[in-house]
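Everything below belongs to protein.txt, which stores compact mmCIF, C-alpha atoms (C1' of nucleotides).
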```txt
# COMPACT_ATOMS: atom_id res chain seq x y z
CA MET T 8 112.20 130.56 129.02
CA SER T 9 114.91 132.66 127.38
CA LYS T 10 118.04 133.69 129.20
CA ALA T 11 116.95 137.32 129.16
CA ASP T 12 113.61 136.36 130.67
CA LYS T 13 115.20 134.21 133.28
CA ASP T 14 117.26 137.14 134.50
CA HIS T 15 114.13 139.06 135.35
CA THR T 16 112.07 136.45 137.10
CA THR T 17 111.08 137.31 140.61
CA GLU T 18 113.35 134.60 141.88
CA GLU T 19 116.34 136.11 140.12
CA ARG T 20 115.49 139.59 141.31
CA ILE T 21 115.40 138.40 144.89
CA LYS T 22 118.71 136.61 144.52
CA GLU T 23 120.29 139.66 142.98
CA ALA T 24 119.07 141.87 145.79
CA ALA T 25 120.16 139.31 148.35
CA ARG T 26 123.62 139.14 146.85
CA GLU T 27 123.97 142.88 147.24
CA VAL T 28 122.66 143.15 150.76
CA PHE T 29 124.52 140.11 152.05
CA THR T 30 127.86 141.19 150.62
CA GLU T 31 127.37 144.70 151.93
CA LYS T 32 126.33 143.81 155.45
CA GLY T 33 127.20 140.21 156.11
CA PHE T 34 124.69 137.55 157.05
CA ALA T 35 123.73 138.73 160.51
CA ALA T 36 123.25 142.40 159.71
CA ALA T 37 121.39 141.78 156.50
CA ARG T 38 117.64 142.10 156.89
CA THR T 39 115.21 140.13 154.82
CA ARG T 40 113.00 143.20 154.73
CA ASP T 41 115.78 145.15 153.03
CA ILE T 42 116.31 142.40 150.52
CA ALA T 43 112.62 142.28 149.73
CA GLU T 44 112.44 146.04 149.37
CA ARG T 45 115.46 146.20 147.09
CA ALA T 46 113.99 143.42 144.97
CA GLY T 47 110.78 145.40 144.76
CA ILE T 48 108.68 142.63 146.22
CA ASN T 49 106.86 141.84 149.41
CA LEU T 50 108.58 140.23 152.35
CA ALA T 51 106.24 137.28 152.32
CA LEU T 52 107.26 136.50 148.79
CA LEU T 53 110.84 136.05 149.80
CA ASN T 54 109.81 133.30 152.16
CA TYR T 55 107.63 131.81 149.49
CA TYR T 56 110.56 131.33 147.10
CA PHE T 57 113.28 130.58 149.63
CA ARG T 58 112.07 128.98 152.78
CA SER T 59 114.30 130.93 155.10
CA LYS T 60 116.93 133.62 155.29
CA GLU T 61 119.57 131.01 155.91
CA ASN T 62 118.57 128.97 152.91
CA LEU T 63 118.72 132.02 150.70
CA PHE T 64 122.09 132.87 152.10
CA ASN T 65 123.53 129.45 151.39
CA ILE T 66 122.40 129.63 147.80
CA ILE T 67 124.03 133.02 147.29
CA MET T 68 127.16 131.88 149.05
CA LEU T 69 127.55 128.83 146.85
CA GLU T 70 127.14 130.92 143.73
CA ASN T 71 129.76 133.36 144.97
CA LEU T 72 132.23 130.61 145.73
CA HIS T 73 131.55 129.04 142.40
CA GLN T 74 132.20 132.31 140.62
CA PHE T 75 135.34 132.79 142.64
CA PHE T 76 136.91 129.42 141.98
CA SER T 77 135.40 127.92 138.87
CA GLY T 78 137.41 130.08 136.48
CA LEU T 79 140.50 128.53 137.95
CA LYS T 80 139.90 124.96 136.88
CA GLY T 81 140.45 125.60 133.22
CA VAL T 82 143.66 127.50 133.78
CA LEU T 83 145.11 125.12 136.34
CA ASN T 84 144.91 122.08 134.12
CA ASP T 85 146.08 123.54 130.85
CA GLU T 86 149.08 121.38 130.02
CA THR T 87 150.16 123.53 127.10
CA SER T 88 150.72 126.86 128.85
CA SER T 89 153.81 127.79 130.83
CA LEU T 90 153.79 128.51 134.54
CA GLU T 91 154.36 132.19 133.86
CA ALA T 92 151.41 132.30 131.51
CA LYS T 93 149.21 130.64 134.11
CA ILE T 94 150.21 133.09 136.80
CA GLU T 95 149.57 135.99 134.47
CA SER T 96 146.18 134.62 133.64
CA ILE T 97 145.25 133.99 137.25
CA ALA T 98 146.34 137.44 138.39
CA SER T 99 144.59 139.17 135.54
CA ASN T 100 141.34 137.28 135.84
CA TYR T 101 141.12 137.63 139.60
CA ILE T 102 141.87 141.31 139.55
CA ASP T 103 139.19 141.84 136.93
CA LEU T 104 136.72 139.88 139.03
CA LEU T 105 137.63 141.78 142.18
CA MET T 106 137.25 145.12 140.46
CA LYS T 107 133.64 144.20 139.82
CA GLN T 108 133.04 142.70 143.24
CA PRO T 109 135.55 144.28 145.59
CA ASN T 110 134.16 142.99 148.83
CA LEU T 111 133.61 139.43 147.71
CA PRO T 112 136.73 138.01 149.39
CA LEU T 113 136.11 139.74 152.70
CA PHE T 114 132.59 138.44 152.61
CA ILE T 115 133.65 134.90 151.81
CA MET T 116 136.37 134.81 154.45
CA MET T 117 134.11 136.33 157.06
CA GLU T 118 131.22 133.97 156.56
CA ILE T 119 133.23 130.84 155.96
CA ARG T 120 134.35 130.79 159.56
CA ASN T 121 130.88 129.77 160.64
CA GLU T 122 130.77 126.58 158.63
CA PRO T 123 134.37 125.47 158.25
CA GLN T 124 134.71 122.73 155.70
CA LYS T 125 131.13 122.45 154.58
CA LEU T 126 131.14 125.01 151.81
CA VAL T 127 134.69 124.58 150.68
CA GLU T 128 134.23 120.87 150.24
CA LYS T 129 131.20 121.30 148.07
CA MET T 130 133.29 123.20 145.58
CA GLY T 131 135.85 120.47 145.20
CA ILE T 132 138.67 122.97 144.90
CA ARG T 133 140.74 120.77 147.09
CA ASP T 134 141.13 118.01 144.55
CA VAL T 135 141.23 120.28 141.55
CA LEU T 136 144.17 122.17 142.98
CA LYS T 137 145.99 119.20 144.42
CA ASN T 138 146.03 117.18 141.23
CA SER T 139 146.42 120.10 138.90
CA TYR T 140 149.14 120.48 136.32
CA PHE T 141 149.69 123.95 137.73
CA MET T 142 150.78 122.56 141.09
CA LYS T 143 153.29 120.31 139.38
CA GLN T 144 154.79 123.24 137.56
CA PHE T 145 154.65 125.43 140.60
CA SER T 146 156.27 122.92 142.96
CA MET T 147 158.99 122.34 140.42
CA ALA T 148 159.75 126.04 140.18
CA ALA T 149 159.70 126.49 143.92
CA ARG T 150 162.67 124.15 144.33
CA GLU T 151 163.84 124.06 147.94
CA ASN T 152 161.01 126.35 149.08
CA LYS T 153 157.69 125.10 150.27
CA PRO T 154 155.19 125.58 147.47
CA LEU T 155 152.51 126.36 150.00
CA HIS T 156 154.29 129.52 151.08
CA LEU T 157 154.55 130.73 147.53
CA LEU T 158 150.98 129.83 146.78
CA MET T 159 149.91 131.89 149.79
CA ASN T 160 152.06 134.72 148.53
CA LEU T 161 150.53 134.65 145.10
CA MET T 162 147.01 134.83 146.47
CA ALA T 163 148.04 137.44 149.02
CA LEU T 164 149.47 139.74 146.38
CA ILE T 165 146.31 139.47 144.33
CA ILE T 166 143.61 139.61 146.97
CA PHE T 167 144.94 141.60 149.90
CA PRO T 168 144.84 145.06 148.28
CA PHE T 169 141.12 144.63 147.79
CA ILE T 170 140.48 143.46 151.32
CA ALA T 171 142.51 146.25 152.88
CA ARG T 172 141.39 148.93 150.47
CA PRO T 173 139.33 150.95 152.97
CA ILE T 174 142.26 151.19 155.34
CA ILE T 175 144.89 151.81 152.71
CA GLN T 176 142.91 154.58 151.09
CA ASN T 177 142.59 156.29 154.42
CA VAL T 178 146.19 155.94 155.41
CA VAL T 179 147.69 157.12 152.13
CA ASP T 180 146.09 159.62 149.81
CA VAL T 181 144.74 157.84 146.76
CA ASP T 182 141.33 158.48 145.28
CA ASN T 183 139.23 155.80 143.64
CA THR T 184 140.48 156.22 140.08
CA GLU T 185 144.06 156.11 141.25
CA TYR T 186 143.34 152.96 143.19
CA ILE T 187 141.86 151.27 140.16
CA GLN T 188 144.92 152.33 138.22
CA LEU T 189 147.13 150.71 140.86
CA MET T 190 145.22 147.45 140.62
CA GLN T 191 145.60 147.47 136.85
CA GLU T 192 149.33 147.87 137.23
CA ARG T 193 149.46 144.88 139.49
CA LYS T 194 148.26 142.61 136.70
CA LYS T 195 151.64 143.06 135.09
CA LEU T 196 153.65 143.39 138.28
CA ILE T 197 152.49 140.34 140.17
CA PRO T 198 153.86 137.82 137.65
CA ARG T 199 157.22 139.53 137.83
CA TRP T 200 157.17 139.56 141.59
CA VAL T 201 156.21 135.91 141.84
CA LYS T 202 159.02 135.06 139.46
CA ALA T 203 161.41 136.86 141.77
CA LEU T 204 159.99 135.02 144.76
CA LEU T 205 160.37 131.67 143.05
CA ARG T 206 164.01 132.38 142.30
CA ASN T 207 164.77 133.40 145.88
CA GLY T 208 164.88 130.89 148.71
CA MET V 9 144.10 149.56 192.77
CA SER V 10 146.86 147.21 191.65
CA LYS V 11 147.30 146.10 188.09
CA ALA V 12 146.29 142.57 188.97
CA ASP V 13 143.15 143.81 190.65
CA LYS V 14 142.26 146.04 187.78
CA ASP V 15 142.34 143.11 185.41
CA HIS V 16 139.59 141.44 187.34
CA THR V 17 137.19 144.26 187.87
CA THR V 18 133.74 143.65 186.46
CA GLU V 19 134.37 146.29 183.85
CA GLU V 20 137.50 144.54 182.61
CA ARG V 21 135.80 141.16 182.61
CA ILE V 22 133.02 142.53 180.45
CA LYS V 23 135.46 144.11 178.05
CA GLU V 24 137.41 140.91 177.77
CA ALA V 25 134.28 138.90 177.06
CA ALA V 26 133.12 141.52 174.57
CA ARG V 27 136.44 141.44 172.76
CA GLU V 28 136.08 137.70 172.30
CA VAL V 29 132.49 137.67 171.19
CA PHE V 30 132.82 140.65 168.88
CA THR V 31 135.90 139.33 167.14
CA GLU V 32 134.32 135.92 166.77
CA LYS V 33 130.99 137.03 165.41
CA GLY V 34 131.26 140.60 164.25
CA PHE V 35 129.17 143.42 165.60
CA ALA V 36 125.79 142.46 164.23
CA ALA V 37 125.86 138.79 165.17
CA ALA V 38 127.30 139.38 168.61
CA ARG V 39 124.67 139.17 171.32
CA THR V 40 124.87 141.16 174.50
CA ARG V 41 123.44 138.23 176.36
CA ASP V 42 126.37 136.09 175.26
CA ILE V 43 128.84 138.73 176.32
CA ALA V 44 127.21 139.02 179.72
CA GLU V 45 127.16 135.28 180.18
CA ARG V 46 130.79 134.86 179.20
CA ALA V 47 131.74 137.61 181.60
CA GLY V 48 129.81 135.81 184.31
CA ILE V 49 127.59 138.78 185.03
CA ASN V 50 124.02 139.78 184.53
CA LEU V 51 122.87 141.37 181.32
CA ALA V 52 121.68 144.48 183.11
CA LEU V 53 125.15 145.07 184.42
CA LEU V 54 126.54 145.33 180.94
CA ASN V 55 124.25 148.23 180.26
CA TYR V 56 125.15 149.78 183.56
CA TYR V 57 128.85 149.99 182.73
CA PHE V 58 128.57 150.66 179.02
CA ARG V 59 125.46 152.48 177.98
CA SER V 60 124.85 150.45 174.86
CA LYS V 61 126.14 147.62 172.74
CA GLU V 62 127.46 150.13 170.23
CA ASN V 63 129.34 152.10 172.84
CA LEU V 64 130.95 148.97 174.15
CA PHE V 65 131.86 148.00 170.64
CA ASN V 66 133.55 151.29 169.88
CA ILE V 67 135.66 151.03 172.99
CA ILE V 68 136.81 147.53 172.09
CA MET V 69 137.43 148.56 168.52
CA LEU V 70 139.63 151.49 169.47
CA GLU V 71 141.67 149.31 171.77
CA ASN V 72 142.11 146.75 169.02
CA LEU V 73 143.26 149.33 166.52
CA HIS V 74 145.59 150.82 169.06
CA GLN V 75 147.11 147.46 169.77
CA PHE V 76 147.42 146.80 166.07
CA PHE V 77 149.18 149.98 165.10
CA SER V 78 150.82 151.48 168.16
CA GLY V 79 153.70 149.05 168.16
CA LEU V 80 154.66 150.36 164.77
CA LYS V 81 155.49 153.90 165.76
CA GLY V 82 158.63 153.04 167.64
CA VAL V 83 160.00 150.86 164.87
CA LEU V 84 159.14 153.21 162.04
CA ASN V 85 161.06 156.14 163.44
CA ASP V 86 164.18 154.41 164.61
CA GLU V 87 166.91 156.25 162.70
CA THR V 88 169.62 153.85 163.79
CA SER V 89 168.28 150.58 162.41
CA SER V 90 168.56 149.44 158.80
CA LEU V 91 165.59 148.90 156.53
CA GLU V 92 166.11 145.16 156.69
CA ALA V 93 166.10 145.24 160.45
CA LYS V 94 162.86 147.22 160.45
CA ILE V 95 161.15 144.83 158.10
CA GLU V 96 162.29 141.88 160.19
CA SER V 97 160.97 143.55 163.29
CA ILE V 98 157.63 144.44 161.73
CA ALA V 99 157.09 140.97 160.32
CA SER V 100 158.08 139.29 163.55
CA ASN V 101 155.99 141.48 165.82
CA TYR V 102 152.91 141.34 163.65
CA ILE V 103 153.06 137.60 163.25
CA ASP V 104 153.38 137.20 167.00
CA LEU V 105 150.42 139.48 167.53
CA LEU V 106 148.34 137.65 164.94
CA MET V 107 149.12 134.28 166.44
CA LYS V 108 147.48 135.50 169.61
CA GLN V 109 144.57 137.19 167.88
CA PRO V 110 144.18 135.50 164.52
CA ASN V 111 140.91 137.05 163.50
CA LEU V 112 141.77 140.59 164.47
CA PRO V 113 142.53 141.81 160.92
CA LEU V 114 139.41 140.29 159.42
CA PHE V 115 137.41 141.89 162.17
CA ILE V 116 139.01 145.29 161.68
CA MET V 117 138.63 145.24 157.93
CA MET V 118 135.07 144.07 158.14
CA GLU V 119 133.90 146.65 160.61
CA ILE V 120 135.90 149.54 159.26
CA ARG V 121 133.74 149.63 156.16
CA ASN V 122 130.89 150.97 158.22
CA GLU V 123 132.68 154.08 159.44
CA PRO V 124 135.29 154.88 156.80
CA GLN V 125 137.80 157.41 158.00
CA LYS V 126 136.48 157.96 161.50
CA LEU V 127 138.39 155.25 163.29
CA VAL V 128 141.51 155.37 161.19
CA GLU V 129 141.93 159.06 161.72
CA LYS V 130 141.67 158.77 165.46
CA MET V 131 144.74 156.59 165.44
CA GLY V 132 146.88 159.07 163.57
CA ILE V 133 148.65 156.32 161.66
CA ARG V 134 148.43 158.43 158.56
CA ASP V 135 150.95 161.03 159.70
CA VAL V 136 153.11 158.62 161.60
CA LEU V 137 153.64 156.54 158.51
CA LYS V 138 153.94 159.38 156.05
CA ASN V 139 156.65 161.25 157.91
CA SER V 140 158.43 158.19 159.18
CA TYR V 141 162.08 157.44 158.67
CA PHE V 142 160.99 154.01 157.51
CA MET V 143 159.18 155.46 154.50
CA LYS V 144 162.30 157.38 153.51
CA GLN V 145 164.36 154.22 153.62
CA PHE V 146 161.68 152.19 151.93
CA SER V 147 161.11 154.65 149.09
CA MET V 148 164.83 154.83 148.51
CA ALA V 149 165.11 151.07 148.25
CA ALA V 150 162.09 150.82 145.97
CA ARG V 151 163.88 152.83 143.25
CA GLU V 152 161.80 152.96 140.10
CA ASN V 153 158.91 151.04 141.68
CA LYS V 154 156.05 152.68 143.47
CA PRO V 155 156.65 152.32 147.20
CA LEU V 156 152.93 151.93 147.74
CA HIS V 157 152.89 148.66 145.83
CA LEU V 158 155.70 147.27 147.89
CA LEU V 159 154.16 148.48 151.10
CA MET V 160 150.97 146.67 150.15
CA ASN V 161 152.99 143.59 149.38
CA LEU V 162 154.73 143.65 152.74
CA MET V 163 151.46 143.87 154.62
CA ALA V 164 149.87 141.30 152.34
CA LEU V 165 152.59 138.76 152.98
CA ILE V 166 152.26 139.23 156.72
CA ILE V 167 148.52 139.47 157.18
CA PHE V 168 146.86 137.49 154.39
CA PRO V 169 147.73 134.00 155.64
CA PHE V 170 145.84 134.76 158.82
CA ILE V 171 142.81 136.12 157.05
CA ALA V 172 142.60 133.23 154.63
CA ARG V 173 143.52 130.58 157.14
CA PRO V 174 140.12 128.87 157.29
CA ILE V 175 140.07 128.45 153.54
CA ILE V 176 143.69 127.47 153.16
CA GLN V 177 143.48 124.84 155.86
CA ASN V 178 140.51 123.30 154.10
CA VAL V 179 142.01 123.36 150.66
CA VAL V 180 145.36 121.89 151.59
CA ASP V 181 145.93 119.45 154.42
CA VAL V 182 147.63 121.22 157.30
CA ASP V 183 146.61 120.87 160.91
CA ASN V 184 146.85 123.65 163.46
CA THR V 185 150.34 122.96 164.72
CA GLU V 186 151.66 122.76 161.19
CA TYR V 187 150.01 126.05 160.39
CA ILE V 188 151.62 127.74 163.36
CA GLN V 189 154.91 126.30 162.23
CA LEU V 190 154.39 127.83 158.79
CA MET V 191 153.71 131.23 160.27
CA GLN V 192 156.86 130.99 162.33
CA GLU V 193 158.85 130.26 159.21
CA ARG V 194 157.45 133.34 157.55
CA LYS V 195 159.10 135.56 160.13
CA LYS V 196 162.41 134.72 158.52
CA LEU V 197 161.13 134.33 154.98
CA ILE V 198 159.23 137.57 154.55
CA PRO V 199 162.27 139.83 154.95
CA ARG V 200 164.06 137.79 152.29
CA TRP V 201 161.10 137.96 149.98
CA VAL V 202 160.67 141.68 150.41
CA LYS V 203 164.35 142.14 149.66
CA ALA V 204 163.85 140.23 146.44
CA LEU V 205 160.82 142.34 145.59
CA LEU V 206 162.73 145.55 146.20
CA ARG V 207 165.48 144.44 143.87
CA ASN V 208 163.08 143.50 141.10
CA GLY V 209 161.21 146.14 139.14
C1' DG B 11 127.29 147.82 192.45
C1' DT B 12 124.52 143.99 191.49
C1' DC B 13 120.43 141.46 190.36
C1' DT B 14 115.21 140.37 188.91
C1' DA B 15 111.74 141.35 186.14
C1' DT B 16 109.92 143.43 182.35
C1' DA B 17 108.95 146.76 178.74
C1' DC B 18 109.92 147.75 174.06
C1' DA B 19 111.58 147.12 169.35
C1' DA B 20 113.05 144.51 165.49
C1' DA B 21 113.24 140.73 162.61
C1' DG B 22 111.96 136.11 160.69
C1' DA B 23 108.31 133.34 159.46
C1' DT B 24 103.34 132.06 158.43
C1' DA B 25 98.11 132.10 157.47
C1' DG B 26 94.90 133.19 154.50
C1' DA B 27 92.62 136.26 151.01
C1' DC B 28 92.90 137.42 146.25
C1' DG Y 30 102.23 134.18 142.53
C1' DT Y 31 101.51 137.92 145.22
C1' DC Y 32 99.85 140.62 148.90
C1' DT Y 33 98.10 142.13 153.92
C1' DA Y 34 98.04 141.22 158.41
C1' DT Y 35 99.77 138.91 162.25
C1' DC Y 36 102.33 135.60 165.26
C1' DT Y 37 106.60 134.32 167.55
C1' DT Y 38 111.08 134.77 168.79
C1' DT Y 39 114.95 137.17 170.05
C1' DG Y 40 117.63 141.02 171.40
C1' DT Y 41 118.21 145.73 173.67
C1' DA Y 42 117.34 148.72 177.28
C1' DT Y 43 115.35 150.29 181.65
C1' DA Y 44 112.95 150.43 186.31
C1' DG Y 45 113.31 149.37 190.74
C1' DA Y 46 114.50 146.26 194.77
C1' DC Y 47 118.40 144.85 197.49
```

Mind turning the file's structure into structure tokens?
Amino acid sequence: MSKADKDHTTEERIKEAAREVFTEKGFAAARTRDIAERAGINLALLNYYFRSKENLFNIIMLENLHQFFSGLKGVLNDETSSLEAKIESIASNYIDLLMKQPNLPLFIMMEIRNEPQKLVEKMGIRDVLKNSYFMKQFSMAARENKPLHLLMNLMALIIFPFIARPIIQNVVDVDNTEYIQLMQERKKLIPRWVKALLRNG
Amino acid sequence: MSKADKDHTTEERIKEAAREVFTEKGFAAARTRDIAERAGINLALLNYYFRSKENLFNIIMLENLHQFFSGLKGVLNDETSSLEAKIESIASNYIDLLMKQPNLPLFIMMEIRNEPQKLVEKMGIRDVLKNSYFMKQFSMAARENKPLHLLMNLMALIIFPFIARPIIQNVVDVDNTEYIQLMQERKKLIPRWVKALLRNG
DNA sequence: GTCTATACAAAGATAGAC
DNA sequence: GTCTATCTTTGTATAGAC
């Protein structure tokens, strides 16, 4: 089966619909009937392909996590690029990803509470990050600071504006196009900020 | 009725239980039966005091938002304190609050998507922030940078580690007491970091 | 104000025909 | 593989006794 065909199988259509509904509503509020309807199929068919709502959810969740973290591996272990280049790349790639799927992080963080380590472990991020060339570079640059703090800061600067977007847009006056513009600016700004943070104790 | 008494009325006990269950599970996954049980009362009683699950939820939600933002007002409009002092105060107070209620922000952000402006407007944060003395000081210090970016950064540095805690703790090895320790450190660190960010373009 | 019992609605899952 | 019809479970809300 060709790639184009594969994208339009019933199974794929259901998964696509499920991804949308789950990320919009969260696991509990998502209804299998809605997923079926959006996929243009019958409810019974959903249970034919995926045995249960929970099973379907886990599959979607794993794919999301994979999408969210897999891009990292390549960057983290590139021994030729500088730390600055890596940070630029990470910021840029994540912001692009989050522009396409703005509520992915909120969704992941929300649902991950229910099954603590389970999902995270499956991804193997733990080891990838720990042994990465990036962490060596980063820890070196952090000097007397704890690298963990600065790692948190990096992720915070990238991800938080997307998580808090609904609130921010209501507290200050920025329409959608302006907000996108702001996020684009941050691709360039974040590396500079992180540099400043690394210099300062 | 005394304050101590009031805290133990059935109504208060239900609200307390509801706050816990809602923040743990979100609106959709929270079950009224669980709330009733945790409050040590009958399910019917919950509907006697609060007409519906949704009504109860809105009450809790407003109280949460109030708690989250009301402390700000005083700090923001203090014309005697320096910008640094304000930032220190904000960081310290928020971190203290979040240590007590770690999943409050995730809960707020998650549920706020369902009723965009409605809740935010009721709080009146918009005007408080916009006209605050803090924003004058902050914009001044930001110089050529957009204050909005730096405001995002400030909130990101404070809040994000609490939102992402479940993931972070699984990716790197830190137990609960260590994590609390880290958050305590950030009370002192964040003001320094923000200072560095303000200096750098 | 508080509880028991129950009606009512919604949602997940399955059986069986095609 | 796909659909219709239906079962079962679970959650919300109410009626009525004490």

Near DG40 of chain Y, counting only C-alpha atoms (C1' of nucleotides), which residues have an atom at most 10 Å away, once you skip same-chain residues fewer than 4 positions from it, shown as an MDAnalysis selection string?
-> (chainID V and resid 39:41) or (chainID B and resid 19:21)

Give as a PyMOL selection string every residue of chain B that touches chain V within 9 Å, counting all atoms listed in the file.
-> chain B and resi 11-13

Keeping only C-alpha atoms (C1' of nucleotides), take the residues you just selected and write them out as a CSV table (one decimal), in the frame of the given file.
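What ended up in part.csv:
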```csv
chain,number,residue,atom,x,y,z
B,11,DG,C1',127.3,147.8,192.4
B,12,DT,C1',124.5,144.0,191.5
B,13,DC,C1',120.4,141.5,190.4
```

Got a sec to pull out which chain V residues are within 9 Å of chain T, counting only C-alpha atoms, and send them as a VMD selection string?
-> chain V and resid 32 to 38 114 to 115 117 to 118 120 to 122 124 to 125 128 to 129 132 to 135 137 to 138 156 to 157 160 to 161 163 to 169 171 to 176 178 to 180 190 194 197 200 to 202 204 to 205 207 to 209

Grab the atom CA of Ser96 of chain T to atom CA of Glu185 of chain T distance for me, in Å with one decimal place.
-> 22.9 Å

Once you count all atoms listed in the file, which residues of chain Y turn out to be within 12 Å of chain V? Could you give them as a list in words?
-> DT39, DG40, DT41, DA42, DT43 and DA44 of chain Y

Straight-line distance linking atom CA of Ala46 of chain T with atom CA of Leu69 of chain T, stated in Å to one decimal = 20.0 Å

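The coordinates place atom C1' of DT16 of chain B at 25.3 Å from atom CA of Ala25 of chain V.
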
Reconstruct all heavy atoms of segment 81-87 of chain V; output as a tab-separated table (two decimals), keeping the file's coordinate frame.
```
chain	number	residue	atom	x	y	z
V	81	LYS	N	154.89	152.58	165.67
V	81	LYS	CA	155.49	153.90	165.76
V	81	LYS	C	156.97	153.86	166.14
V	81	LYS	O	157.81	154.50	165.51
V	81	LYS	CB	154.71	154.76	166.77
V	81	LYS	CG	153.29	155.03	166.32
V	81	LYS	CD	152.56	156.01	167.26
V	81	LYS	CE	151.09	156.09	166.87
V	81	LYS	NZ	150.29	156.93	167.78
V	82	GLY	N	157.25	153.12	167.19
V	82	GLY	CA	158.63	153.04	167.64
V	82	GLY	C	159.55	152.54	166.54
V	82	GLY	O	160.58	153.17	166.25
V	83	VAL	N	159.17	151.46	165.92
V	83	VAL	CA	160.00	150.86	164.87
V	83	VAL	C	160.19	151.81	163.70
V	83	VAL	O	161.31	152.02	163.22
V	83	VAL	CB	159.35	149.55	164.35
V	83	VAL	CG1	160.19	148.95	163.24
V	83	VAL	CG2	159.19	148.56	165.51
V	84	LEU	N	159.10	152.40	163.26
V	84	LEU	CA	159.14	153.21	162.04
V	84	LEU	C	160.11	154.38	162.14
V	84	LEU	O	160.70	154.79	161.15
V	84	LEU	CB	157.74	153.74	161.70
V	84	LEU	CG	156.71	152.71	161.28
V	84	LEU	CD1	155.42	153.38	160.87
V	84	LEU	CD2	157.22	151.84	160.15
V	85	ASN	N	160.25	154.93	163.33
V	85	ASN	CA	161.06	156.14	163.44
V	85	ASN	C	162.45	155.93	164.04
V	85	ASN	O	163.13	156.89	164.39
V	85	ASN	CB	160.30	157.20	164.23
V	85	ASN	CG	159.28	157.92	163.35
V	85	ASN	OD1	159.61	158.32	162.23
V	85	ASN	ND2	158.07	158.04	163.84
V	86	ASP	N	162.83	154.70	164.13
V	86	ASP	CA	164.18	154.41	164.61
V	86	ASP	C	165.18	154.76	163.51
V	86	ASP	O	165.24	154.09	162.48
V	86	ASP	CB	164.28	152.93	164.98
V	86	ASP	CG	165.65	152.59	165.55
V	86	ASP	OD1	166.57	153.43	165.45
V	86	ASP	OD2	165.79	151.48	166.09
V	87	GLU	N	165.99	155.80	163.75
V	87	GLU	CA	166.91	156.25	162.70
V	87	GLU	C	168.23	155.47	162.73
V	87	GLU	O	169.10	155.68	161.89
V	87	GLU	CB	167.20	157.75	162.85
V	87	GLU	CG	165.92	158.58	162.82
V	87	GLU	CD	166.15	159.98	162.25
V	87	GLU	OE1	167.31	160.32	161.95
V	87	GLU	OE2	165.16	160.72	162.12
```
